[in-house]
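> Here it is, the structure in full.
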Amino acid sequence: MLQFPTSNSFDTLPRSSGTTDDTKIDRIRYHKGLREQLLSLWEAEESAVAAAEQTHGDQPFSLISWRNYSAIGGSEIERVRDEFIMLGIPPDVVEREYLDAKRRYQKQKSKRRQWAKKAGVHEINQKWKAVLEEQNNVMQSFIDQPPVTPKRRMRVRRTGLQLSGRSCSFAVDDRW
């Protein structure tokens, strides 16, 4: 997960040379290339899954249902546990159901992973995860080393930095 700085004050940031910001523009371009790789891998996975479903059956759904939630998984399970306790459901009941939900979720994830390996989709998934991690690393490096002069901040802003939820994107303007 990306870690944003807690202070927005640019006065406390170290000053840098012009070459540092040039590498930032290069990182933006690299990030754009990684995004294109992710899209290609996603399309390849989609095609591979469609072909594999003909032979191996439908891809298992990894999310589970729990009480009034029909499809949750991962950290949502912890969040829902806290929510149920706050709603006044006895904690021992919630904890028992929580452990069962975690077990069922792990079982579904395992089924999905086994299906992906059998169907030949696992390798694409692994490449996708590696590219996504690299993309997050590039974005984190940009967050860790923001532009330090007003002129350079404006130059980077013109690239169209867009952050939304767990993703980010850049639109690089090569006119400068």
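Naming scheme: A, B, ... for chains in displayed order of the structure tokens; residues 1 onward per chain; ligands 1 onward as shown.
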Could you name the residues that touch Val121 of chain A at 12 Å or less, counting only C-alpha atoms, but leaving out those on the same chain fewer than 6 positions away, as a ChimeraX atom specification?
/A:41-53,56,59,112-115,127-128
> Since we have the selection now, will you write its residues out, keeping N, CA and C atoms, as a tab-separated table (two decimals), in the first residue's frame?

```
chain	number	residue	atom	x	y	z
A	41	LEU	N	-1.26	-7.74	-19.68
A	41	LEU	CA	-1.35	-8.96	-18.89
A	41	LEU	C	-2.80	-9.26	-18.50
A	42	TRP	N	-3.55	-8.23	-18.20
A	42	TRP	CA	-4.95	-8.42	-17.86
A	42	TRP	C	-5.71	-9.02	-19.05
A	43	GLU	N	-5.45	-8.49	-20.24
A	43	GLU	CA	-6.11	-9.03	-21.44
A	43	GLU	C	-5.67	-10.47	-21.70
A	44	ALA	N	-4.37	-10.75	-21.51
A	44	ALA	CA	-3.88	-12.11	-21.70
A	44	ALA	C	-4.52	-13.06	-20.69
A	45	GLU	N	-4.65	-12.61	-19.44
A	45	GLU	CA	-5.28	-13.45	-18.43
A	45	GLU	C	-6.74	-13.71	-18.77
A	46	GLU	N	-7.42	-12.67	-19.21
A	46	GLU	CA	-8.83	-12.81	-19.56
A	46	GLU	C	-9.01	-13.85	-20.68
A	47	SER	N	-8.14	-13.78	-21.68
A	47	SER	CA	-8.21	-14.75	-22.79
A	47	SER	C	-7.87	-16.15	-22.32
A	48	ALA	N	-6.84	-16.26	-21.49
A	48	ALA	CA	-6.41	-17.57	-20.99
A	48	ALA	C	-7.49	-18.19	-20.11
A	49	VAL	N	-8.14	-17.39	-19.28
A	49	VAL	CA	-9.21	-17.91	-18.42
A	49	VAL	C	-10.38	-18.39	-19.27
A	50	ALA	N	-10.74	-17.61	-20.28
A	50	ALA	CA	-11.85	-18.01	-21.15
A	50	ALA	C	-11.54	-19.33	-21.85
A	51	ALA	N	-10.32	-19.49	-22.32
A	51	ALA	CA	-9.93	-20.74	-22.98
A	51	ALA	C	-9.87	-21.89	-21.99
A	52	ALA	N	-9.33	-21.63	-20.78
A	52	ALA	CA	-9.19	-22.68	-19.78
A	52	ALA	C	-10.54	-23.14	-19.24
A	53	GLU	N	-11.51	-22.25	-19.19
A	53	GLU	CA	-12.83	-22.64	-18.69
A	53	GLU	C	-13.50	-23.66	-19.60
A	56	HIS	N	-11.32	-26.81	-18.22
A	56	HIS	CA	-11.24	-27.07	-16.77
A	56	HIS	C	-12.47	-26.63	-15.99
A	59	GLN	N	-13.85	-20.88	-13.46
A	59	GLN	CA	-12.85	-20.48	-12.47
A	59	GLN	C	-13.54	-20.28	-11.13
A	112	ARG	N	-8.99	-21.62	-6.04
A	112	ARG	CA	-8.76	-20.74	-7.19
A	112	ARG	C	-7.32	-20.84	-7.66
A	113	ARG	N	-6.36	-20.88	-6.72
A	113	ARG	CA	-4.95	-20.99	-7.06
A	113	ARG	C	-4.66	-22.32	-7.76
A	114	GLN	N	-5.23	-23.42	-7.25
A	114	GLN	CA	-5.05	-24.72	-7.88
A	114	GLN	C	-5.63	-24.74	-9.28
A	115	TRP	N	-6.80	-24.15	-9.46
A	115	TRP	CA	-7.42	-24.09	-10.78
A	115	TRP	C	-6.51	-23.29	-11.74
A	127	LYS	N	3.14	-12.75	-13.04
A	127	LYS	CA	3.73	-11.61	-13.76
A	127	LYS	C	2.95	-10.34	-13.45
A	128	TRP	N	1.62	-10.45	-13.44
A	128	TRP	CA	0.78	-9.30	-13.17
A	128	TRP	C	1.09	-8.73	-11.78
```
> Quick one: everything within 9 Å of Arg27 of chain A, counting only C-alpha atoms, minus sequence neighbours fewer than 4 positions away in the same chain. Send it as a VMD selection string.
chain A and resid 22 to 23 31 to 32 138 to 139 141 to 142
> Could you check which of A:Arg96, A:Lys118, A:Arg103, A:Arg67 is closest to Thr55 of chain A, using only C-alpha atoms?
A:Lys118
> In Å, rounded to a single decimal, give me how far atom CA of Lys107 of chain A is from atom CA of Pro60 of chain A.
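Atom CA of Lys107 of chain A lies at a distance of 10.7 Å from atom CA of Pro60 of chain A.
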> Write out as a list in words the residues lying within 8 Å of Ser62 of chain A, counting only C-alpha atoms and excluding same-chain residues fewer than 2 positions away.
Pro60, Ile64, Gly73, Tyr105, Gln108, Lys109, Lys111 and Arg112 of chain A
> Would you please extract all strand (DSSP E or B) residues from segment 24-164 of chain A, as assigned by DSSP on the backbone, and give them as a short mmCIF file (atom, residue, chain, number, x, y, z; two decimals) with N, CA and C atoms, in the first residue's frame?

```
data_model
loop_
_atom_site.label_atom_id
_atom_site.label_comp_id
_atom_site.auth_asym_id
_atom_site.auth_seq_id
_atom_site.Cartn_x
_atom_site.Cartn_y
_atom_site.Cartn_z
N ILE A 64 -16.22 -15.06 -0.25
CA ILE A 64 -17.18 -15.86 0.52
C ILE A 64 -18.36 -14.99 0.97
N SER A 65 -19.39 -15.65 1.47
CA SER A 65 -20.50 -14.91 2.07
C SER A 65 -20.41 -15.07 3.59
N TRP A 66 -20.90 -14.03 4.27
CA TRP A 66 -20.93 -14.06 5.73
C TRP A 66 -22.07 -13.14 6.17
N TYR A 69 -23.40 -10.25 4.00
CA TYR A 69 -22.43 -9.96 2.94
C TYR A 69 -22.33 -11.16 2.01
N SER A 70 -22.49 -10.91 0.73
CA SER A 70 -22.51 -12.03 -0.23
C SER A 70 -21.16 -12.32 -0.85
N ALA A 71 -20.23 -11.35 -0.85
CA ALA A 71 -18.93 -11.57 -1.48
C ALA A 71 -17.87 -10.70 -0.81
N ILE A 72 -17.19 -11.27 0.17
CA ILE A 72 -16.12 -10.55 0.86
C ILE A 72 -14.89 -11.43 0.92
N GLN A 162 -2.63 11.42 -11.38
CA GLN A 162 -3.97 11.12 -10.91
C GLN A 162 -3.90 9.99 -9.90
N LEU A 163 -4.36 10.26 -8.70
CA LEU A 163 -4.42 9.24 -7.66
C LEU A 163 -5.88 8.96 -7.37
N SER A 164 -6.23 7.67 -7.37
CA SER A 164 -7.60 7.32 -7.00
C SER A 164 -7.59 5.95 -6.36
#
```
> Between atom CA of Gly74 of chain A and atom CA of Tyr98 of chain A, what is the distance, to one decimal in Å?
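Interatomic distance here is 11.9 Å.
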